[in-house]
Each structure stands twice: as C-alpha cells, then as structure tokens.
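Structure data follow from input-v7.cif (mmCIF, C-alpha atoms):
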```
data_run
loop_
_atom_site.label_atom_id
_atom_site.label_comp_id
_atom_site.auth_asym_id
_atom_site.auth_seq_id
_atom_site.Cartn_x
_atom_site.Cartn_y
_atom_site.Cartn_z
CA MET P 1 0.00 0.00 0.00
CA GLU P 2 1.28 3.47 -0.90
CA PRO P 3 1.79 5.97 1.92
CA ARG P 4 -0.42 9.04 2.30
CA ILE P 5 1.71 12.01 1.21
CA VAL P 6 1.11 15.22 3.13
CA SER P 7 2.68 18.67 2.80
CA VAL P 8 2.81 21.10 5.69
CA VAL P 9 3.21 24.48 4.08
CA ASN P 10 2.61 28.20 4.42
CA MET P 11 4.27 31.04 2.50
CA LYS P 12 4.69 32.83 5.82
CA GLY P 13 7.58 31.93 8.10
CA GLY P 14 7.33 31.50 11.86
CA VAL P 15 3.83 30.02 11.88
CA GLY P 16 4.90 26.67 13.32
CA LYS P 17 5.32 24.49 10.24
CA SER P 18 8.28 22.51 11.57
CA THR P 19 6.74 22.19 15.02
CA THR P 20 3.52 20.93 13.42
CA VAL P 21 5.46 18.33 11.42
CA ALA P 22 7.51 17.19 14.41
CA THR P 23 4.56 16.91 16.79
CA LEU P 24 2.27 15.21 14.27
CA ALA P 25 5.03 12.79 13.27
CA GLU P 26 5.77 11.83 16.86
CA ALA P 27 2.11 11.50 17.85
CA LEU P 28 1.27 9.42 14.77
CA ALA P 29 4.28 7.16 15.24
CA ALA P 30 4.26 6.84 19.04
CA ASP P 31 0.54 7.00 19.79
CA HIS P 32 -1.07 5.62 16.66
CA GLY P 33 1.60 3.09 15.74
CA LEU P 34 1.89 4.44 12.20
CA ARG P 35 5.09 4.22 10.17
CA VAL P 36 6.08 7.81 9.45
CA LEU P 37 8.69 9.33 7.16
CA VAL P 38 9.47 13.04 7.54
CA MET P 39 11.09 14.81 4.59
CA ASP P 40 12.72 18.09 5.59
CA LEU P 41 12.68 20.48 2.62
CA ASP P 42 13.76 23.50 4.62
CA PRO P 43 17.46 24.45 4.58
CA GLN P 44 16.97 25.83 8.09
CA SER P 45 16.83 22.14 9.07
CA ASN P 46 14.65 22.80 12.10
CA VAL P 47 12.57 19.65 11.97
CA SER P 48 15.72 17.64 11.29
CA MET P 49 17.30 18.92 14.48
CA MET P 50 14.10 18.51 16.48
CA LEU P 51 13.69 14.87 15.47
CA ALA P 52 17.30 13.70 15.14
CA GLY P 53 19.10 16.01 17.54
CA GLN P 54 22.01 18.21 16.63
CA ASP P 55 24.69 15.49 17.09
CA ARG P 56 23.05 12.93 14.84
CA TRP P 57 22.14 15.65 12.36
CA GLY P 58 25.85 16.56 12.21
CA GLU P 59 26.83 12.91 11.62
CA LEU P 60 24.24 12.47 8.88
CA ARG P 61 25.40 15.68 7.26
CA LYS P 62 28.99 14.44 7.35
CA GLU P 63 27.99 11.13 5.76
CA GLY P 64 26.01 12.95 3.07
CA ALA P 65 22.86 11.14 4.19
CA THR P 66 20.81 14.21 3.37
CA LEU P 67 18.17 15.26 0.91
CA ASP P 68 20.72 17.39 -0.94
CA GLY P 69 23.09 14.38 -0.89
CA TYR P 70 20.46 12.33 -2.67
CA PHE P 71 19.67 14.93 -5.32
CA GLU P 72 23.34 15.67 -6.07
CA GLN P 73 23.43 12.76 -8.52
CA TYR P 74 20.74 14.41 -10.64
CA VAL P 75 22.22 17.89 -10.49
CA TYR P 76 25.99 17.36 -10.51
CA GLY P 77 26.18 13.76 -11.80
CA GLY P 78 28.40 11.33 -9.95
CA GLU P 79 27.77 8.11 -8.07
CA PRO P 80 24.21 6.83 -8.20
CA ARG P 81 22.64 6.69 -4.78
CA PHE P 82 19.60 4.86 -3.45
CA PHE P 83 17.01 6.95 -1.66
CA ARG P 84 16.78 4.39 1.14
CA ASP P 85 20.44 5.10 1.96
CA VAL P 86 19.78 8.72 2.90
CA ILE P 87 16.94 7.87 5.30
CA ALA P 88 17.83 8.24 8.98
CA ARG P 89 16.06 5.36 10.75
CA ASP P 90 14.29 5.52 14.08
CA VAL P 91 14.81 9.16 14.96
CA SER P 92 13.01 10.90 17.87
CA ASP P 93 13.92 10.92 21.54
CA LEU P 94 10.64 9.27 22.54
CA MET P 95 10.56 5.97 24.41
CA GLY P 96 9.06 2.91 22.80
CA ASP P 97 10.98 3.07 19.52
CA PRO P 98 8.31 4.70 17.38
CA ARG P 99 8.63 3.94 13.65
CA LEU P 100 9.70 7.42 12.72
CA ASP P 101 12.28 7.96 9.97
CA LEU P 102 13.66 11.18 8.57
CA VAL P 103 15.45 12.60 5.57
CA ILE P 104 17.34 15.59 6.86
CA ALA P 105 17.93 18.90 5.14
CA THR P 106 21.07 20.97 5.57
CA PRO P 107 21.89 24.60 4.77
CA GLU P 108 23.55 23.29 1.57
CA PHE P 109 20.12 22.29 0.34
CA ARG P 110 19.58 25.79 -1.02
CA TYR P 111 22.62 25.41 -3.32
CA ILE P 112 21.23 22.20 -4.79
CA GLU P 113 18.00 24.00 -5.49
CA ARG P 114 19.78 26.92 -7.13
CA ASP P 115 22.11 24.67 -9.17
CA ALA P 116 19.29 22.34 -10.20
CA LEU P 117 17.38 25.32 -11.53
CA ALA P 118 20.42 26.67 -13.40
CA ARG P 119 21.29 23.28 -14.92
CA TRP P 120 17.81 22.32 -16.00
CA VAL P 121 17.10 25.75 -17.45
CA ARG P 122 20.33 25.39 -19.49
CA GLN P 123 19.04 22.03 -20.66
CA GLY P 124 15.94 23.75 -21.99
CA PHE P 125 13.39 22.95 -19.28
CA ASP P 126 10.79 25.60 -18.54
CA VAL P 127 9.38 26.13 -15.03
CA GLU P 128 6.61 23.59 -15.51
CA GLY P 129 9.12 21.12 -16.92
CA ILE P 130 11.39 21.58 -13.90
CA HIS P 131 8.48 21.00 -11.55
CA ARG P 132 7.54 17.86 -13.45
CA LYS P 133 11.13 16.61 -13.49
CA LEU P 134 11.67 17.22 -9.79
CA GLY P 135 8.23 15.85 -8.96
CA GLY P 136 9.04 12.72 -10.97
CA LEU P 137 12.38 12.25 -9.23
CA THR P 138 10.85 12.72 -5.79
CA HIS P 139 7.95 10.43 -6.65
CA SER P 140 10.21 7.60 -7.82
CA ALA P 141 12.41 8.05 -4.73
CA LEU P 142 9.34 7.66 -2.52
CA GLN P 143 7.99 4.77 -4.57
CA ASN P 144 11.12 2.80 -3.77
CA VAL P 145 10.49 3.07 -0.04
CA GLY P 146 6.74 3.68 -0.06
CA GLU P 147 5.72 0.28 1.25
CA SER P 148 7.67 0.92 4.41
CA TYR P 149 5.49 3.88 5.44
CA ASP P 150 1.89 4.79 6.17
CA VAL P 151 2.45 8.52 5.88
CA VAL P 152 5.09 10.83 4.45
CA LEU P 153 5.19 14.37 5.87
CA PHE P 154 6.93 17.10 3.90
CA ASP P 155 8.12 20.06 5.96
CA CYS P 156 8.12 22.82 3.34
CA PRO P 157 10.18 25.98 3.71
CA PRO P 158 8.53 29.40 3.80
CA GLY P 159 8.47 31.32 0.53
CA ILE P 160 8.86 29.77 -2.88
CA SER P 161 10.88 26.63 -3.45
CA ILE P 162 10.92 24.23 -6.39
CA PHE P 163 11.17 21.31 -3.99
CA ALA P 164 8.15 22.56 -2.06
CA GLU P 165 6.28 22.89 -5.37
CA ALA P 166 7.17 19.29 -6.19
CA ALA P 167 5.99 18.19 -2.75
CA ILE P 168 2.67 19.97 -3.21
CA GLU P 169 2.22 18.30 -6.60
CA LEU P 170 2.71 14.90 -4.96
CA SER P 171 0.60 15.58 -1.89
CA GLU P 172 -2.85 14.16 -1.36
CA PHE P 173 -3.42 16.32 1.69
CA ILE P 174 -2.14 19.74 2.68
CA VAL P 175 -1.93 21.28 6.14
CA ILE P 176 -1.47 25.04 6.37
CA PRO P 177 -0.39 26.02 9.87
CA THR P 178 -1.20 29.61 10.69
CA ILE P 179 -1.25 31.98 13.60
CA ALA P 180 -4.66 33.59 14.01
CA ASP P 181 -3.56 37.09 13.09
CA TYR P 182 -3.77 39.40 10.11
CA VAL P 183 -0.35 38.85 8.53
CA SER P 184 -0.37 35.07 8.95
CA ARG P 185 -3.83 34.92 7.44
CA LEU P 186 -2.48 36.68 4.34
CA GLY P 187 -0.02 33.78 3.98
CA ILE P 188 -2.97 31.44 3.45
CA PHE P 189 -4.50 33.62 0.78
CA ALA P 190 -1.14 33.74 -0.98
CA PHE P 191 -0.83 29.97 -1.04
CA ARG P 192 -4.40 28.70 -1.25
CA ARG P 193 -4.91 29.24 -5.00
CA ARG P 194 -1.73 27.38 -5.80
CA ALA P 195 -2.74 24.45 -3.63
CA ILE P 196 -6.25 24.30 -5.06
CA ARG P 197 -4.89 24.29 -8.61
CA SER P 198 -2.64 21.38 -7.78
CA MET P 199 -5.47 19.47 -6.13
CA GLU P 200 -7.89 20.15 -8.99
CA GLN P 201 -5.38 18.90 -11.56
CA ARG P 202 -5.54 15.57 -9.79
CA ARG P 203 -9.32 15.74 -9.42
CA PHE P 204 -9.14 16.37 -5.71
CA THR P 205 -11.07 19.15 -4.02
CA GLU P 206 -10.50 21.82 -1.40
CA GLU P 207 -11.52 19.21 1.15
CA ARG P 208 -7.89 18.09 1.02
CA ILE P 209 -6.56 21.48 2.18
CA TRP P 210 -6.88 22.19 5.89
CA THR P 211 -5.68 25.06 8.03
CA LEU P 212 -4.31 24.40 11.50
CA ILE P 213 -4.33 27.31 13.93
CA THR P 214 -1.07 27.42 15.88
CA LYS P 215 0.39 29.44 18.73
CA TYR P 216 -3.16 30.14 19.87
CA GLU P 217 -3.80 32.16 23.01
CA ALA P 218 -7.38 31.95 24.25
CA ALA P 219 -6.96 35.16 26.25
CA ASN P 220 -5.82 37.10 23.18
CA ALA P 221 -8.85 38.87 21.68
CA LEU P 222 -7.13 39.16 18.30
CA HIS P 223 -6.57 35.39 18.15
CA VAL P 224 -10.18 34.73 19.11
CA SER P 225 -11.54 37.14 16.51
CA GLU P 226 -9.26 35.98 13.69
CA ALA P 227 -9.83 32.29 14.45
CA GLU P 228 -13.56 32.88 13.95
CA VAL P 229 -12.89 34.58 10.62
CA LEU P 230 -10.56 31.76 9.53
CA ARG P 231 -13.24 29.20 10.34
CA ALA P 232 -15.74 31.12 8.25
CA ASP P 233 -13.38 31.30 5.25
CA PHE P 234 -11.41 28.04 5.22
CA ASN P 235 -11.40 24.40 6.29
CA VAL P 236 -9.94 24.69 9.77
CA PHE P 237 -9.05 21.91 12.18
CA ASP P 238 -11.25 21.86 15.30
CA MET P 239 -8.12 21.49 17.41
CA MET P 240 -5.80 24.47 17.82
CA ILE P 241 -2.17 24.25 18.90
CA PRO P 242 -1.74 26.57 21.90
CA GLN P 243 1.17 28.90 22.49
CA ALA P 244 2.86 26.77 25.11
CA GLU P 245 6.23 26.73 26.72
CA ALA P 246 6.08 22.92 26.82
CA ILE P 247 5.87 22.73 23.02
CA ALA P 248 8.75 25.16 22.54
CA ARG P 249 10.86 23.23 25.06
CA ALA P 250 10.06 19.88 23.43
CA ALA P 251 11.90 21.09 20.31
CA GLU P 252 15.19 20.66 22.14
CA TRP P 253 16.65 17.16 21.86
CA SER P 254 16.89 15.07 25.00
CA ASP P 255 19.71 12.52 25.26
CA ALA P 256 17.60 10.58 27.79
CA LYS P 257 14.59 8.89 26.18
CA ARG P 258 11.28 10.29 27.43
CA SER P 259 7.61 9.43 27.23
CA PHE P 260 5.20 11.48 25.12
CA ASP P 261 3.76 13.03 28.28
CA GLN P 262 7.19 13.82 29.68
CA LYS P 263 8.19 15.44 26.40
CA TYR P 264 5.11 17.55 25.75
CA GLY P 265 3.93 18.06 29.33
CA PRO P 266 0.59 19.86 29.59
CA ALA P 267 0.39 20.12 25.78
CA ALA P 268 0.56 16.33 25.24
CA ASP P 269 -3.20 15.81 25.10
CA VAL P 270 -3.78 18.66 22.66
CA ILE P 271 -1.13 17.21 20.35
CA ARG P 272 -2.63 13.73 20.63
CA GLN P 273 -6.09 15.05 19.79
CA THR P 274 -4.72 17.09 16.89
CA ALA P 275 -3.01 13.99 15.51
CA SER P 276 -6.27 12.03 15.81
CA GLU P 277 -8.16 14.75 13.96
CA PHE P 278 -5.42 14.94 11.32
CA ARG P 279 -5.62 11.18 10.84
CA GLU P 280 -9.36 11.37 10.34
CA ARG P 281 -9.26 14.37 7.98
CA ALA P 282 -6.37 12.97 5.94
CA GLY P 283 -8.10 9.60 5.63
CA LEU P 284 -5.30 7.70 7.32
CA ILE P 285 -6.93 4.41 8.17
CA MET W 1 4.82 30.60 45.53
CA ILE W 2 2.37 33.29 44.39
CA ASP W 3 -0.62 31.25 45.63
CA LYS W 4 0.85 31.26 49.14
CA ALA W 5 1.57 34.99 48.91
CA ILE W 6 -2.05 35.70 47.86
CA ALA W 7 -3.45 33.46 50.62
CA SER W 8 -1.34 35.28 53.18
CA LEU W 9 -2.43 38.70 51.87
CA LEU W 10 -6.12 37.72 51.93
CA LYS W 11 -5.76 36.53 55.51
CA VAL W 12 -4.46 39.97 56.53
CA ILE W 13 -7.30 41.72 54.70
CA SER W 14 -9.88 39.39 56.19
CA ALA W 15 -8.56 39.95 59.73
CA GLU W 16 -8.56 43.71 59.24
CA ALA W 17 -12.14 43.69 57.86
CA SER W 18 -13.33 41.75 60.93
CA ALA W 19 -11.63 44.08 63.37
CA ASN W 20 -12.23 47.40 61.56
CA PRO W 21 -15.85 48.20 60.47
CA ALA W 22 -14.76 51.32 58.51
CA PHE W 23 -12.32 49.27 56.49
CA ALA W 24 -14.97 46.59 55.96
CA ARG W 25 -17.40 49.23 54.61
CA LYS W 26 -14.79 50.59 52.20
CA MET W 27 -14.13 47.06 50.97
CA GLU W 28 -17.85 46.47 50.38
CA GLU W 29 -18.16 49.66 48.36
CA ALA W 30 -15.12 48.86 46.24
CA LEU W 31 -16.30 45.30 45.61
CA ASP W 32 -19.79 46.53 44.75
CA THR W 33 -18.46 48.91 42.08
CA PHE W 34 -16.18 46.33 40.50
CA ALA W 35 -18.74 43.53 40.80
CA HIS W 36 -21.27 45.71 38.95
CA ASP W 37 -18.82 46.44 36.12
CA TYR W 38 -17.75 42.82 35.99
CA VAL W 39 -21.32 41.51 35.81
CA GLU W 40 -22.19 44.05 33.11
CA ARG W 41 -19.20 43.09 31.01
CA ARG W 42 -19.83 39.36 31.35
CA ARG W 43 -23.48 39.93 30.38
CA ASP W 44 -22.37 41.87 27.29
CA GLU W 45 -19.89 39.14 26.40
CA ARG W 46 -22.70 36.57 26.58
CA VAL W 47 -24.90 38.72 24.35
CA LEU W 48 -22.07 39.07 21.82
CA SER W 49 -21.03 35.43 21.96
CA GLY W 50 -20.89 34.07 18.41
CA PHE W 51 -21.16 37.52 16.84
CA ASN W 52 -18.02 38.27 14.86
CA PRO W 53 -18.69 41.40 12.76
CA PHE W 54 -16.30 40.31 10.00
CA VAL W 55 -18.00 36.93 9.64
CA GLU W 56 -21.53 38.31 10.06
CA PHE W 57 -21.07 41.03 7.45
CA LYS W 58 -19.94 38.52 4.84
CA LYS W 59 -22.95 36.32 5.57
CA SER W 60 -25.44 39.07 4.91
CA PRO W 61 -24.18 42.63 4.24
CA GLN W 62 -27.58 44.09 3.41
CA ASP W 63 -29.08 43.83 6.88
CA PHE W 64 -25.86 44.19 8.84
CA ASP W 65 -26.75 47.69 10.11
CA GLN W 66 -30.07 46.39 11.33
CA ARG W 67 -28.39 43.51 13.20
CA LEU W 68 -26.00 45.99 14.82
CA SER W 69 -28.89 48.12 16.03
CA ARG W 70 -29.90 45.47 18.60
CA PHE W 71 -26.71 46.14 20.55
CA ASP W 72 -26.42 48.92 23.12
CA ARG W 73 -23.57 51.38 23.31
CA ASN W 74 -21.44 49.30 25.69
CA GLN W 75 -21.88 46.20 23.58
CA LEU W 76 -20.81 48.05 20.44
CA ALA W 77 -17.77 49.37 22.28
CA LEU W 78 -16.96 45.80 23.32
CA ILE W 79 -17.23 44.60 19.70
CA ILE W 80 -14.79 47.33 18.75
CA GLU W 81 -12.40 46.34 21.51
CA LYS W 82 -12.56 42.59 20.89
CA HIS W 83 -12.10 42.81 17.15
CA GLY W 84 -9.48 45.56 16.96
CA ILE W 85 -11.77 47.91 15.06
CA ASP W 86 -10.32 51.09 16.54
CA PRO W 87 -6.57 50.79 15.93
CA ALA W 88 -6.14 54.55 16.41
CA ARG W 89 -7.92 54.32 19.80
CA SER W 90 -10.22 57.22 19.00
CA VAL W 91 -13.22 55.81 20.90
CA ASN W 92 -13.87 57.39 24.28
CA SER W 93 -16.75 57.63 26.73
CA ARG W 94 -18.36 60.41 24.68
CA THR W 95 -18.44 58.48 21.40
CA SER W 96 -22.10 57.97 20.52
CA LYS W 97 -23.83 54.66 19.89
CA LYS W 98 -24.49 55.76 16.30
CA LYS W 99 -20.84 56.54 15.71
CA LEU W 100 -19.76 53.19 17.22
CA ALA W 101 -22.18 51.30 14.98
CA GLU W 102 -20.85 53.21 11.97
CA MET W 103 -17.31 52.27 12.90
CA VAL W 104 -18.17 48.58 13.17
CA ALA W 105 -20.06 48.59 9.87
CA ALA W 106 -17.28 50.45 8.05
CA ALA W 107 -14.60 48.09 9.38
CA ALA W 108 -16.59 44.98 8.46
CA GLU W 109 -17.28 46.28 4.98
CA LYS W 110 -13.63 47.21 4.48
CA ARG W 111 -12.43 43.80 5.65
CA ALA W 112 -14.85 41.98 3.32
CA ALA W 113 -13.69 44.09 0.36
CA ARG W 114 -10.04 43.52 1.24
CA ASP W 115 -10.53 39.75 1.58
CA ALA W 116 -12.39 39.61 -1.73
CA LYS W 117 -9.34 41.15 -3.39
CA VAL W 118 -6.79 38.78 -1.89
CA PHE W 119 -8.83 35.60 -1.98
CA ASP W 120 -7.69 34.69 -5.45
CA TYR W 121 -4.20 35.97 -5.70
#
```
As structure tokens - that is how I would like this structure written.
Amino acid sequence: MEPRIVSVVNMKGGVGKSTTVATLAEALAADHGLRVLVMDLDPQSNVSMMLAGQDRWGELRKEGATLDGYFEQYVYGGEPRFFRDVIARDVSDLMGDPRLDLVIATPEFRYIERDALARWVRQGFDVEGIHRKLGGLTHSALQNVGESYDVVLFDCPPGISIFAEAAIELSEFIVIPTIADYVSRLGIFAFRRRAIRSMEQRRFTEERIWTLITKYEAANALHVSEAEVLRADFNVFDMMIPQAEAIARAAEWSDAKRSFDQKYGPAADVIRQTASEFRERAGLI
Amino acid sequence: MIDKAIASLLKVISAEASANPAFARKMEEALDTFAHDYVERRRDERVLSGFNPFVEFKKSPQDFDQRLSRFDRNQLALIIEKHGIDPARSVNSRTSKKKLAEMVAAAAEKRAARDAKVFDY
C-alpha cells in the first residue's frame, strides 16, 4: 500500500510548520503506531534537528545522508545513490521506539536547489518542466520506499521553493499552519490558490486542504476574533495548537529517552487530539 | 509561591475587615463597584457570543446595520475592543452609539472588500 503524502506548508515563516510536522510525526508514530517518514525540505533544518538532535544531524550531514546528498546525482552527476540510503532510521527521543524515519535537510540544500534550476534551465526545461522533473524524481524516490510507510510528511520551507512545489504536486493532503492574526492569514491567501490548482489537476477538491491554527492564546482577543474569521473562510481543524512553553521546550533534543507526556507536558493531550483529527481528515486508516 | 503569597495577603485583609468596620465598609463599596462592572461586562460578552462582525457582514451585508442596532452602546464598544476595530484608539466615553455602529459597519465592509481582493491571488 502506498503511503499518504502530506505537505505542511505556508508562505509565511514562523507560523509553526516545523513544530507541526515534528509533533504530528511523533504523535502518529508513538501513539497511533503508524510508520512515518518526515522529509525536511527546509534548509533551516529545524525539523531535522528537532527529530534527530544536533549530534546525529551533524553525523548524517557528514555522511552525506541528506536530501541534498540524494539529489546531487541528478544535479551534478556522480555516483548513483539509493534513496533508502539517505533515510535516517528511528529518529526521535521518545521511548518505545516509534517507527519514525527522517530525511534531513542541511543549509547546503539551497545550493542544490539553485544549481538544479540553473542546470535544468540550461538544458531547456521551462518552469513547468522543472516542476515535473523534480516531482518525478521525488515520486520515484518515494515509490522505492513507499511500502515501508503509512504517511510521508513534507516540511516545506517558507516562501517559494521548487522542492516545495514538487511536494505539493505529490501531496494528497495539505496542512497550512497559521497563527490567528492578520499577517499570517495573508499567507494562506497567498498559497491557497496554488494548492487548489494542484489538487484540482488531480481531481481532488478543497476538502484536502486544511488550516491548523497554531500558537493560539485563548486570552488574546485578536486570536479569538481571527480564528472565527478563519473558520468562516477556510477548512480549519477543530483542534488548535496553543502557544505553550512545553511545546517550545520539546523542540530541544533530550539525550535521555522520554515518554510522550514527559516530552510535551501539559500540551501532550492537545497534540494527541490534533493527531487524531489529522488522521481522520487525511483519511489515514 | 504566588498562591501562598495571595493566601497570606487575603488573611491579613480578612482579619482587618473583621476588626475594623470602617475598612470593611470601604471594601464592600469597592467590591460593589467592580462587581457591577464585571457583571455588566460578562453579560455583554454573553450577548455578543458568536457575533463576529467580519464573519456576520460577509454572511449578509444588506441587513448588517439592522443587526447591529440590537446592541447597546457598551456592547458596540466591546465589539470594537474585541475585534481591533479602533486601531487609532479614538473611541472614548463620549463616542455615541451611532458613531460606534458606523465604525463597526465600516470596518466589516472594508475587511470583506479587502478579503475579496486577496482571496484569489
């Protein structure tokens, strides 16, 4: 069975995309027993560091077991490489050995993207052609390991990225994390059309695009007001991720294994419930 | 820590109110004033519960003014406060009910027009 491919994306930075990916991935793997692969498409490498820790991230980077390491063969030529060889197995500092794997990004990832564009443009590809080519390469990479996973989560970078475009083209479900405020809401408008077009091309509907309110503060009148407006305009998850110290602290790697409740503290239940809702909305049986 | 500090403070106040009738009377008056304001505000919040002017305007712009007219002056001021409708903070105690309603309607209309422009970009 093929995995459900999901992109977590918003044009706006700082809305909690990487945190959403990390928390969903851990809840789905640890609590729901799903086999999860996280693909970090963001050169900031935040989700990579959250899930693998800085030390292991450094080792993987040194070994070239990175997303850029995999795509080098298609951009610069050189030794063929299997996608399975760049997957970091069993990441996460949670107890119980959740089936959570990761393909890390590094800051060098942005050079691959730039050089891929330059090379393929020289070869005569237009923008659509580049998207198709990259989408095809990513798709075949995932096909080779697809049976090992129930869900693949793409952590997309803010702004425009050809890799993020390819991820969106492959995705059957899209999560748009957003803070309930004016500027973050604009990020949804900026991205929504693009996502709908991609879904429609594959005969999917807007029902596959869901907004997740993050960093929510119930005592903040602006958040309350804007959350109501978001719910009127878009598909919005019932659950909202609160602004919580526990979630921010959980981002830091722990060398000692910890339980889900130890890691996420008072936010653990909200994350569990969000993962359950995500599973239902994304059709993850 | 703070819970113990508050408990200790309340104990002092309680002892003083028992021993000093003048102090007790002052406390009653202060509590009465704040309790009144608090009850009023909570009542207004209940009345406004579920009414978001930006959402309501989009649902039905033609009778929006009429729907606003059922709110009193304090409730309109609360709508303005809760939904950030007066970013320049020009509303004060002398601002009329009519003016407040106009501000809410203008803001809701402006937001709907702005959203319509960005929805498809």
Minimum-distance residue to chain W, chosen among P:Thr138, P:Asn220, P:Thr20, P:Ser276 (using only C-alpha atoms):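 Ranked by minimum distance to chain W, first place goes to P:Asn220.
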Matched chain/residue IDs from the PyMOL selection byres ((chain W) within 10 of (chain P)), as a PyMOL selection string: chain W and resi 50-56+58-59+79+81-84+115+117-121
Residue list as a list in words for point (11.1, 8.7, 21.5), cut-off 10 Å, only C-alpha atoms: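 Residues close enough to count: Glu26, Ala29, Ala30, Leu51, Asp90, Val91, Ser92, Asp93, Leu94, Met95, Gly96, Asp97, Pro98, Arg99, Leu100, Ser254, Ala256, Lys257, Arg258, Ser259, Phe260 and Lys263 of chain P.
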Chain and number of each residue from the PyMOL selection byres ((chain P and resi 8) around 7), as a list in words: Val6, Ser7, Val9, Lys17, Val21, Phe154, Asp155, Cys156, Ile174, Val175 and Ile176 of chain P
Hits from the PyMOL selection byres ((chain P and resi 237) around 9), listed as an MDAnalysis selection string: chainID P and resid 210:213 231 235:236 238:240 274 277:278 281
Proximity to P:Asn46 - best of P:Ala250, P:Ala118, P:Leu34, P:Ala105, only C-alpha atoms: P:Ala105
In the coordinates of the file, take the point (0.1, 22.2, 24.5) and a cut-off of 7 Å; then, counting only C-alpha atoms, name each qualifying protein, DNA or RNA residue as a PDB file with C-alpha atoms, keeping the file's coordinate frame.
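This went into selection12.pdb:
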```
ATOM      1  CA  ILE P 241      -2.170  24.250  18.900  1.00  0.00           C
ATOM      2  CA  PRO P 242      -1.740  26.570  21.900  1.00  0.00           C
ATOM      3  CA  ALA P 244       2.860  26.770  25.110  1.00  0.00           C
ATOM      4  CA  ALA P 246       6.080  22.920  26.820  1.00  0.00           C
ATOM      5  CA  ILE P 247       5.870  22.730  23.020  1.00  0.00           C
ATOM      6  CA  TYR P 264       5.110  17.550  25.750  1.00  0.00           C
ATOM      7  CA  PRO P 266       0.590  19.860  29.590  1.00  0.00           C
ATOM      8  CA  ALA P 267       0.390  20.120  25.780  1.00  0.00           C
ATOM      9  CA  ALA P 268       0.560  16.330  25.240  1.00  0.00           C
ATOM     10  CA  VAL P 270      -3.780  18.660  22.660  1.00  0.00           C
ATOM     11  CA  ILE P 271      -1.130  17.210  20.350  1.00  0.00           C
TER      12      ILE P 271
END
```
Which of W:Lys4, W:Lys110, W:Arg73, W:Arg41 sits closest to W:Phe57 [using only C-alpha atoms]: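 Using only C-alpha atoms, the shortest distance to W:Phe57 belongs to W:Lys110.
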W:Met1, W:Leu100, W:Leu68, W:Ala24 ranked by distance to W:Ile80, top pick (using all atoms listed in the file): W:Leu100
Nearest candidate to P:Ile209 (options P:Tyr76, P:Glu113, P:Asn10, P:Ala166; using only C-alpha atoms):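 Going through P:Tyr76, P:Glu113, P:Asn10, P:Ala166 one by one, the smallest distance to P:Ile209 is for P:Asn10.
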Please produce stretch 20-38 of chain W, completed to N, CA and C atoms, as a compact mmCIF listing (two decimals), keeping the file's coordinate frame.
```txt
# COMPACT_ATOMS: atom_id res chain seq x y z
N ASN W 20 -12.11 45.98 61.87
CA ASN W 20 -12.23 47.40 61.56
C ASN W 20 -13.45 47.63 60.66
N PRO W 21 -14.61 48.03 61.25
CA PRO W 21 -15.85 48.20 60.47
C PRO W 21 -15.70 49.23 59.35
N ALA W 22 -14.92 50.30 59.55
CA ALA W 22 -14.76 51.32 58.51
C ALA W 22 -14.05 50.72 57.30
N PHE W 23 -13.06 49.93 57.59
CA PHE W 23 -12.32 49.27 56.49
C PHE W 23 -13.24 48.28 55.76
N ALA W 24 -14.05 47.55 56.55
CA ALA W 24 -14.97 46.59 55.96
C ALA W 24 -15.95 47.28 55.02
N ARG W 25 -16.45 48.47 55.43
CA ARG W 25 -17.40 49.23 54.61
C ARG W 25 -16.75 49.68 53.29
N LYS W 26 -15.52 50.17 53.40
CA LYS W 26 -14.79 50.59 52.20
C LYS W 26 -14.62 49.41 51.23
N MET W 27 -14.31 48.26 51.80
CA MET W 27 -14.13 47.06 50.97
C MET W 27 -15.44 46.71 50.25
N GLU W 28 -16.55 46.78 50.98
CA GLU W 28 -17.85 46.47 50.38
C GLU W 28 -18.16 47.40 49.21
N GLU W 29 -17.87 48.69 49.43
CA GLU W 29 -18.16 49.66 48.36
C GLU W 29 -17.30 49.39 47.13
N ALA W 30 -16.02 49.12 47.37
CA ALA W 30 -15.12 48.86 46.24
C ALA W 30 -15.56 47.60 45.48
N LEU W 31 -15.88 46.56 46.25
CA LEU W 31 -16.30 45.30 45.61
C LEU W 31 -17.60 45.49 44.84
N ASP W 32 -18.50 46.30 45.39
CA ASP W 32 -19.79 46.53 44.75
C ASP W 32 -19.60 47.18 43.38
N THR W 33 -18.73 48.22 43.35
CA THR W 33 -18.46 48.91 42.08
C THR W 33 -17.89 47.95 41.04
N PHE W 34 -16.83 47.22 41.46
CA PHE W 34 -16.18 46.33 40.50
C PHE W 34 -17.09 45.17 40.10
N ALA W 35 -17.84 44.66 41.09
CA ALA W 35 -18.74 43.53 40.80
C ALA W 35 -19.77 43.96 39.76
N HIS W 36 -20.28 45.20 39.90
CA HIS W 36 -21.27 45.71 38.95
C HIS W 36 -20.68 45.75 37.55
N ASP W 37 -19.47 46.35 37.44
CA ASP W 37 -18.82 46.44 36.12
C ASP W 37 -18.54 45.05 35.54
N TYR W 38 -18.10 44.17 36.42
CA TYR W 38 -17.75 42.82 35.99
C TYR W 38 -18.99 42.08 35.47
```
